[in-house]
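To start, the structure itself, in structure tokens.
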Amino acid sequence: MPAAHRTHDLVVFGATSFVGQILARYLYEEFGLRGRLRWAIAGRSKSKLEELRRSLGPGAARLPMIVADAADEAALGAMCAGTRVVASTVGPYALYGEPLIKACVEAGTDYCDLTGEPQWIRRMLQKYETAARKSGARIVHCCGFDSIPSDLGVHFLQREARARFGQPCNRVKLRVKAMTGGFSGGTVASAMNAFREAAADPKLRKELANPYSLCPKGHGSKARQPNVKFAEYDADFQAWVAPFVMGAINIRIVHRTNALSDGAYGADFRYDEAVLGGRGLKGRAIAAGIAAGLGGFAVAASVAPLRAALERFVLPAPGTGPSPAAQKKGYYDLRFLGQAADGRTIRTKVTGQGDPGYGSTSKILGQAAAMLALDVPKSAVKGGFWTPATIFGDELIDRLEKHAGLHFEVLEA
């Protein structure tokens, strides 16, 4: 069906999930039902969809609902044929996400999600990228805290570096200065499934060690990438740093952006992410504790009996997550340092108000999905698998600052 004749601009698929409910509430508050964005909610349970609609308030009684199961290809096909964009919150995507990608690609429908699962993204690229280019479907993974602050943060830094230096920075660091918030059961389930897959597949373990795993063939980048695996001292920040758990996906998205942009950051571009522990002995102890905790969790999650024990007794269950109060109190402060080939440096930051995984993520995804539906015409960006920076760029930065509580700032250049 031609895009101009589709009933909806946007469908939230998985609207009754933990983050789906937050997203639906944000869209209702931000766009209402009589504005420019024609949107609907979708999920497998009619009763839960009705309950969600009632919870939004009396004015939401006319919000369209679509009943569709993640495994029902016919229902997914009909849903995709009637909308410009689908925003999916149904994870783990490696378990439930492929039928919807297939349906969107076949219908020429645009798609965005919250996945942080590089092994699944790689499989989708291999199976559907050629077909997406033919049908005109634009597929945009990682449209939440994974990986928009990182991807657009580097995009912003490089934009400012070119304006000041006349060249991009071929070395960029992201350091997490502050971050408060919780994890939902859905996020944990996605992470545990990734460990489960990697434990059973040596080839996948090798792939997950490759920072260029999501780049297209012939991308040309060969620089050996830095990788903070343990606690180490970062002289540029004069602080101890530890591994950042989200770096596993963010780094790959940033490198894919560089590749899709014809090496705009340079063929020798190097990028890494880490958490700032602080200075002195205290900072060293904090960084060592973070590294040890992540390492211990990875080991436990890779061993089947220990993984089962974690899932049963320690980790949050799917459908659970931070309270509304915690979502509002959450906050993050990301610091970037870029260095150009001639040695000049620039420092920037990206801050976000709201729990990074949910309070902020719902707003980020909502704005990205609305922009994809309304403000990125097919004539401007062709079908295929894009990253947030390559399809949204500066305009999404502006939208996030105005409507989603994010702020992008140059600190020093």
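Chain lettering (A, B, ...) mirrors the order of the structure tokens, residue numbering begins at 1 for each chain separately, and ligand numbering begins at 1 in order of display.
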
Point to revise | stretch 315-329 of chain A surroundings by only C-alpha atoms, 12 Å radius, close-in-sequence under 3 positions cut, as a ChimeraX atom specification | key: /A:14-22,25,89-92,179-192,297,301,306-312,332,352-363,405

Point to revise | stretch 194-292 of chain A: residues DSSP assigns to helix (DSSP H, G or I), reported as number ranges by chain | key: A: 194-200, 202-208, 247-260, 280-292

Review point. Could you pull the residues within 6 Å of stretch 210-217 of chain A, counting only C-alpha atoms, minus those fewer than 5 positions along the same chain, as an MDAnalysis selection string?
Key: chainID A and resid 122 252 256

Practice item. Determine the nearest neighbour of A:Gly343 from the options A:Arg171, A:Arg164, A:Lys134, A:Arg6, counting only C-alpha atoms. Key: A:Arg171

Review point. Which of these residues is nearest to A:Phe237, using only C-alpha atoms: A:Ala264, A:Val140, A:Ala300, A:Leu337?
Key: A:Leu337

Point to revise | 8 Å contact set for A:Tyr93, only C-alpha atoms, chain neighbours under 5 positions out, as a VMD selection string | key: chain A and resid 98 115 117 120 190

If you keep N, CA, C and O atoms, can you produce a file of those selected residues as a PDB file, in the first residue's frame?
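The file below, selection_38.pdb, is the result:
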```pdb
ATOM      1  N   GLU A  98      12.440 -11.228  14.597  1.00  0.00           N
ATOM      2  CA  GLU A  98      12.611 -11.402  13.152  1.00  0.00           C
ATOM      3  C   GLU A  98      11.319 -11.355  12.346  1.00  0.00           C
ATOM      4  O   GLU A  98      11.290 -10.725  11.269  1.00  0.00           O
ATOM      5  N   THR A 115      16.655  -2.480  20.500  1.00  0.00           N
ATOM      6  CA  THR A 115      17.567  -3.599  20.702  1.00  0.00           C
ATOM      7  C   THR A 115      18.983  -3.135  21.049  1.00  0.00           C
ATOM      8  O   THR A 115      19.438  -2.086  20.608  1.00  0.00           O
ATOM      9  N   GLU A 117      21.268  -5.882  20.899  1.00  0.00           N
ATOM     10  CA  GLU A 117      21.744  -7.240  20.636  1.00  0.00           C
ATOM     11  C   GLU A 117      22.486  -7.294  19.295  1.00  0.00           C
ATOM     12  O   GLU A 117      21.881  -7.523  18.248  1.00  0.00           O
ATOM     13  N   TRP A 120      21.987 -10.314  16.859  1.00  0.00           N
ATOM     14  CA  TRP A 120      20.719 -10.340  16.135  1.00  0.00           C
ATOM     15  C   TRP A 120      20.707  -9.323  15.000  1.00  0.00           C
ATOM     16  O   TRP A 120      20.254  -9.615  13.891  1.00  0.00           O
ATOM     17  N   SER A 190      17.183  -9.901  27.509  1.00  0.00           N
ATOM     18  CA  SER A 190      17.950  -9.775  26.270  1.00  0.00           C
ATOM     19  C   SER A 190      19.418 -10.077  26.506  1.00  0.00           C
ATOM     20  O   SER A 190      20.064 -10.772  25.710  1.00  0.00           O
TER      21      SER A 190
END
```

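Between atom CA of A:Leu100 and atom CA of A:Arg62 there is a distance of 25.2 Å.
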
Determine, counting only C-alpha atoms, which protein, DNA and RNA residues have an atom within 9 Å of an atom of A:Tyr111; residues of the same chain fewer than 5 positions away are not included. Present the result as a CSV table (one decimal) with all heavy atoms, in the first residue's frame.
```csv
chain,number,residue,atom,x,y,z
A,84,ARG,N,3.0,3.7,8.3
A,84,ARG,CA,4.3,4.1,7.7
A,84,ARG,C,5.5,3.6,8.5
A,84,ARG,O,6.5,3.2,8.0
A,84,ARG,CB,4.4,5.6,7.8
A,84,ARG,CG,3.4,6.4,6.9
A,84,ARG,CD,3.5,7.9,7.2
A,84,ARG,NE,2.6,8.7,6.4
A,84,ARG,CZ,2.9,9.3,5.3
A,84,ARG,NH1,4.1,9.2,4.8
A,84,ARG,NH2,2.0,9.9,4.6
A,85,VAL,N,5.3,3.5,9.9
A,85,VAL,CA,6.4,3.1,10.8
A,85,VAL,C,5.9,2.2,11.9
A,85,VAL,O,4.8,2.4,12.4
A,85,VAL,CB,7.1,4.4,11.4
A,85,VAL,CG1,8.2,4.0,12.4
A,85,VAL,CG2,7.7,5.3,10.4
A,86,VAL,N,6.7,1.2,12.2
A,86,VAL,CA,6.5,0.4,13.4
A,86,VAL,C,7.6,0.7,14.4
A,86,VAL,O,8.8,0.6,14.0
A,86,VAL,CB,6.4,-1.1,13.1
A,86,VAL,CG1,6.2,-1.9,14.4
A,86,VAL,CG2,5.2,-1.3,12.2
A,87,ALA,N,7.3,1.0,15.6
A,87,ALA,CA,8.3,1.1,16.7
A,87,ALA,C,8.1,-0.1,17.6
A,87,ALA,O,7.0,-0.3,18.2
A,87,ALA,CB,8.1,2.4,17.5
A,88,SER,N,9.1,-1.0,17.7
A,88,SER,CA,8.9,-2.2,18.5
A,88,SER,C,9.7,-2.2,19.8
A,88,SER,O,10.8,-1.8,19.9
A,88,SER,CB,9.4,-3.4,17.6
A,88,SER,OG,9.4,-4.6,18.4
A,100,LEU,N,8.7,-9.6,12.6
A,100,LEU,CA,8.3,-8.2,12.4
A,100,LEU,C,9.3,-7.5,11.4
A,100,LEU,O,8.8,-6.8,10.5
A,100,LEU,CB,8.3,-7.4,13.7
A,100,LEU,CG,7.8,-6.0,13.6
A,100,LEU,CD1,6.5,-5.8,12.9
A,100,LEU,CD2,7.8,-5.3,15.0
A,101,ILE,N,10.6,-7.8,11.5
A,101,ILE,CA,11.5,-7.2,10.5
A,101,ILE,C,11.1,-7.7,9.1
A,101,ILE,O,11.0,-6.9,8.1
A,101,ILE,CB,12.9,-7.7,10.8
A,101,ILE,CG1,13.4,-7.0,12.1
A,101,ILE,CG2,13.9,-7.3,9.6
A,101,ILE,CD1,13.7,-5.6,12.0
A,104,CYS,N,7.9,-5.9,7.9
A,104,CYS,CA,8.2,-4.5,7.5
A,104,CYS,C,8.9,-4.4,6.2
A,104,CYS,O,8.6,-3.6,5.3
A,104,CYS,CB,9.0,-3.8,8.6
A,104,CYS,SG,8.1,-3.4,10.1
A,105,VAL,N,9.9,-5.3,6.0
A,105,VAL,CA,10.7,-5.3,4.7
A,105,VAL,C,9.7,-5.6,3.6
A,105,VAL,O,9.8,-5.0,2.5
A,105,VAL,CB,11.8,-6.3,4.8
A,105,VAL,CG1,12.5,-6.5,3.5
A,105,VAL,CG2,12.9,-5.7,5.8
A,137,ALA,N,11.9,-0.1,2.7
A,137,ALA,CA,11.8,-0.1,4.1
A,137,ALA,C,13.1,0.5,4.8
A,137,ALA,O,14.2,0.0,4.4
A,137,ALA,CB,11.5,-1.5,4.6
A,138,ARG,N,13.0,1.4,5.6
A,138,ARG,CA,14.2,1.9,6.4
A,138,ARG,C,14.2,1.3,7.8
A,138,ARG,O,13.2,1.5,8.6
A,138,ARG,CB,14.2,3.4,6.5
A,138,ARG,CG,14.6,4.2,5.3
A,138,ARG,CD,13.4,4.5,4.4
A,138,ARG,NE,12.4,5.4,5.1
A,138,ARG,CZ,12.4,6.7,5.1
A,138,ARG,NH1,13.3,7.4,4.5
A,138,ARG,NH2,11.4,7.4,5.8
A,139,ILE,N,15.2,0.5,8.1
A,139,ILE,CA,15.3,-0.2,9.4
A,139,ILE,C,16.3,0.5,10.2
A,139,ILE,O,17.5,0.6,9.8
A,139,ILE,CB,15.7,-1.7,9.2
A,139,ILE,CG1,14.8,-2.4,8.1
A,139,ILE,CG2,15.6,-2.5,10.5
A,139,ILE,CD1,13.3,-2.4,8.4
A,140,VAL,N,15.9,0.9,11.4
A,140,VAL,CA,16.8,1.7,12.3
A,140,VAL,C,16.8,1.0,13.7
A,140,VAL,O,15.9,1.2,14.5
A,140,VAL,CB,16.4,3.1,12.4
A,140,VAL,CG1,17.6,3.9,13.0
A,140,VAL,CG2,16.0,3.7,11.1
A,141,HIS,N,17.8,0.2,14.0
A,141,HIS,CA,17.9,-0.4,15.3
A,141,HIS,C,18.5,0.6,16.3
A,141,HIS,O,19.0,1.6,15.9
A,141,HIS,CB,18.9,-1.6,15.2
A,141,HIS,CG,18.4,-2.7,14.3
A,141,HIS,ND1,17.2,-3.4,14.6
A,141,HIS,CD2,18.9,-3.3,13.2
A,141,HIS,CE1,17.0,-4.3,13.7
A,141,HIS,NE2,18.0,-4.3,12.8
A,369,ALA,N,10.9,7.7,16.3
A,369,ALA,CA,9.8,7.1,15.5
A,369,ALA,C,9.0,8.2,14.8
A,369,ALA,O,8.6,8.0,13.6
A,369,ALA,CB,9.0,6.2,16.4
A,372,LEU,N,10.9,9.7,11.9
A,372,LEU,CA,10.9,8.7,10.8
A,372,LEU,C,9.6,8.7,10.0
A,372,LEU,O,9.6,8.7,8.8
A,372,LEU,CB,11.3,7.3,11.3
A,372,LEU,CG,11.5,6.2,10.3
A,372,LEU,CD1,12.7,6.6,9.4
A,372,LEU,CD2,11.8,4.9,11.0
```

Practice item. Determine, counting only C-alpha atoms, which protein, DNA and RNA residues have an atom within 10 Å of an atom of A:His5; residues of the same chain fewer than 6 positions away are not included. Present the result as a count of residues only. Key: 4

Do a neighbour search on stretch 394-404 of chain A at 12 Å with only C-alpha atoms, toss out local chain neighbours closer than 5 positions, and write the hits as a CSV table (one decimal) with N, CA and C atoms, in the first residue's frame.
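Produced file selection.csv, reproduced below:
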```
chain,number,residue,atom,x,y,z
A,23,LEU,N,6.2,4.4,26.7
A,23,LEU,CA,6.3,5.0,25.4
A,23,LEU,C,4.9,5.5,24.9
A,26,TYR,N,4.0,8.6,26.8
A,26,TYR,CA,4.8,9.8,26.3
A,26,TYR,C,4.2,10.3,25.0
A,27,LEU,N,3.9,9.4,24.1
A,27,LEU,CA,3.3,9.8,22.8
A,27,LEU,C,1.9,10.5,23.0
A,29,GLU,N,0.9,12.1,25.7
A,29,GLU,CA,1.2,13.4,26.3
A,29,GLU,C,1.8,14.4,25.3
A,30,GLU,N,2.6,13.9,24.4
A,30,GLU,CA,3.4,14.7,23.5
A,30,GLU,C,2.6,15.1,22.2
A,31,PHE,N,1.9,14.1,21.7
A,31,PHE,CA,1.2,14.3,20.4
A,31,PHE,C,-0.3,14.2,20.4
A,143,CYS,N,17.4,2.6,18.9
A,143,CYS,CA,16.9,4.0,19.0
A,143,CYS,C,16.5,4.3,20.4
A,144,GLY,N,17.2,3.9,21.4
A,144,GLY,CA,17.0,4.3,22.8
A,144,GLY,C,18.3,4.7,23.4
A,145,PHE,N,18.5,4.5,24.7
A,145,PHE,CA,19.7,4.9,25.3
A,145,PHE,C,20.9,4.0,24.7
A,148,ILE,N,21.5,5.9,20.9
A,148,ILE,CA,21.4,7.3,20.3
A,148,ILE,C,22.3,8.3,21.1
A,149,PRO,N,22.4,8.3,22.4
A,149,PRO,CA,23.4,9.3,23.0
A,149,PRO,C,24.8,9.1,22.5
A,150,SER,N,25.2,7.8,22.3
A,150,SER,CA,26.6,7.6,21.8
A,150,SER,C,26.7,8.0,20.4
A,151,ASP,N,25.8,7.5,19.5
A,151,ASP,CA,25.9,7.7,18.1
A,151,ASP,C,25.7,9.2,17.7
A,152,LEU,N,24.7,9.8,18.3
A,152,LEU,CA,24.5,11.2,18.0
A,152,LEU,C,25.5,12.1,18.8
A,153,GLY,N,26.0,11.6,19.9
A,153,GLY,CA,27.0,12.3,20.6
A,153,GLY,C,28.3,12.4,19.8
A,154,VAL,N,28.7,11.3,19.2
A,154,VAL,CA,29.9,11.4,18.3
A,154,VAL,C,29.6,12.2,17.1
A,155,HIS,N,28.4,12.1,16.5
A,155,HIS,CA,28.1,12.9,15.4
A,155,HIS,C,28.2,14.4,15.7
A,156,PHE,N,27.7,14.8,16.9
A,156,PHE,CA,27.7,16.2,17.3
A,156,PHE,C,29.2,16.6,17.5
A,157,LEU,N,30.0,15.8,18.2
A,157,LEU,CA,31.4,16.2,18.4
A,157,LEU,C,32.1,16.4,17.0
A,158,GLN,N,31.8,15.5,16.1
A,158,GLN,CA,32.5,15.6,14.8
A,158,GLN,C,32.0,16.8,14.0
A,159,ARG,N,30.8,17.1,14.1
A,159,ARG,CA,30.2,18.3,13.5
A,159,ARG,C,30.9,19.6,14.0
A,160,GLU,N,31.1,19.6,15.3
A,160,GLU,CA,31.7,20.8,15.9
A,160,GLU,C,33.2,20.8,15.6
A,350,VAL,N,26.9,15.0,26.6
A,350,VAL,CA,25.5,14.7,26.4
A,350,VAL,C,24.9,14.4,27.7
A,351,THR,N,23.9,15.1,28.1
A,351,THR,CA,23.2,14.8,29.3
A,351,THR,C,21.7,14.4,29.0
A,352,GLY,N,21.1,13.6,29.9
A,352,GLY,CA,19.7,13.3,29.7
A,352,GLY,C,19.0,13.2,31.0
A,353,GLN,N,17.8,13.7,31.1
A,353,GLN,CA,17.0,13.7,32.3
A,353,GLN,C,16.0,12.5,32.2
A,354,GLY,N,16.0,11.7,33.2
A,354,GLY,CA,15.2,10.5,33.3
A,354,GLY,C,16.0,9.3,33.3
A,355,ASP,N,15.4,8.2,33.9
A,355,ASP,CA,16.1,6.9,33.9
A,355,ASP,C,16.6,6.6,32.5
A,356,PRO,N,17.9,6.3,32.3
A,356,PRO,CA,18.4,6.1,31.0
A,356,PRO,C,17.7,5.0,30.2
A,359,GLY,N,12.8,5.9,31.5
A,359,GLY,CA,12.3,7.3,31.4
A,359,GLY,C,12.8,8.1,30.3
A,360,SER,N,14.1,8.0,30.0
A,360,SER,CA,14.7,8.7,28.9
A,360,SER,C,14.5,8.0,27.6
A,361,THR,N,14.7,6.7,27.6
A,361,THR,CA,14.6,5.8,26.4
A,361,THR,C,13.3,6.0,25.7
A,362,SER,N,12.2,6.0,26.5
A,362,SER,CA,10.9,6.1,25.9
A,362,SER,C,10.7,7.4,25.1
A,363,LYS,N,11.3,8.5,25.6
A,363,LYS,CA,11.2,9.8,24.9
A,363,LYS,C,12.1,9.8,23.7
A,364,ILE,N,13.3,9.2,23.8
A,364,ILE,CA,14.2,9.1,22.6
A,364,ILE,C,13.5,8.3,21.5
A,365,LEU,N,13.0,7.1,21.8
A,365,LEU,CA,12.4,6.3,20.8
A,365,LEU,C,11.2,7.0,20.2
A,366,GLY,N,10.4,7.6,21.1
A,366,GLY,CA,9.2,8.3,20.6
A,366,GLY,C,9.5,9.4,19.6
A,367,GLN,N,10.5,10.2,19.9
A,367,GLN,CA,10.9,11.3,18.9
A,367,GLN,C,11.5,10.7,17.7
A,368,ALA,N,12.3,9.6,17.8
A,368,ALA,CA,12.9,9.0,16.6
A,368,ALA,C,11.9,8.4,15.7
A,369,ALA,N,10.9,7.7,16.3
A,369,ALA,CA,9.8,7.1,15.5
A,369,ALA,C,9.0,8.2,14.8
A,370,ALA,N,8.6,9.2,15.6
A,370,ALA,CA,7.8,10.3,15.0
A,370,ALA,C,8.5,11.0,13.8
A,371,MET,N,9.8,11.2,14.0
A,371,MET,CA,10.6,11.9,13.0
A,371,MET,C,10.7,11.0,11.7
A,372,LEU,N,10.9,9.7,11.9
A,372,LEU,CA,10.9,8.7,10.8
A,372,LEU,C,9.6,8.7,10.0
A,375,ASP,N,9.1,13.2,9.1
A,375,ASP,CA,10.1,14.2,8.6
A,375,ASP,C,11.3,13.6,7.9
A,376,VAL,N,11.2,12.4,7.5
A,376,VAL,CA,12.3,11.8,6.7
A,376,VAL,C,11.7,11.1,5.5
A,388,PRO,N,21.0,5.5,13.8
A,388,PRO,CA,20.4,6.8,14.1
A,388,PRO,C,21.1,8.0,13.5
A,389,ALA,N,22.4,8.1,13.6
A,389,ALA,CA,23.1,9.3,13.1
A,389,ALA,C,23.0,9.4,11.6
A,409,GLU,N,26.4,19.7,24.3
A,409,GLU,CA,27.1,20.9,24.6
A,409,GLU,C,28.6,20.7,24.3
```

Point to revise | Top pick for closest residue to A:Arg123, considering A:Gly383, A:Gly277, A:Gly97, A:Gly293 and counting only C-alpha atoms | key: A:Gly97

**Study point:** Residue list (strand (DSSP E or B), DSSP) for stretch 25-208 of chain A, as a VMD selection string
**Key:** chain A and resid 39 to 43 65 to 67 83 to 88 110 to 113 138 to 140 144 147 169 to 180

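Minimum distance to A:Lys177 across A:Pro58, A:Pro243, A:Gly278, A:Pro305 (counting only C-alpha atoms) occurs at A:Gly278.
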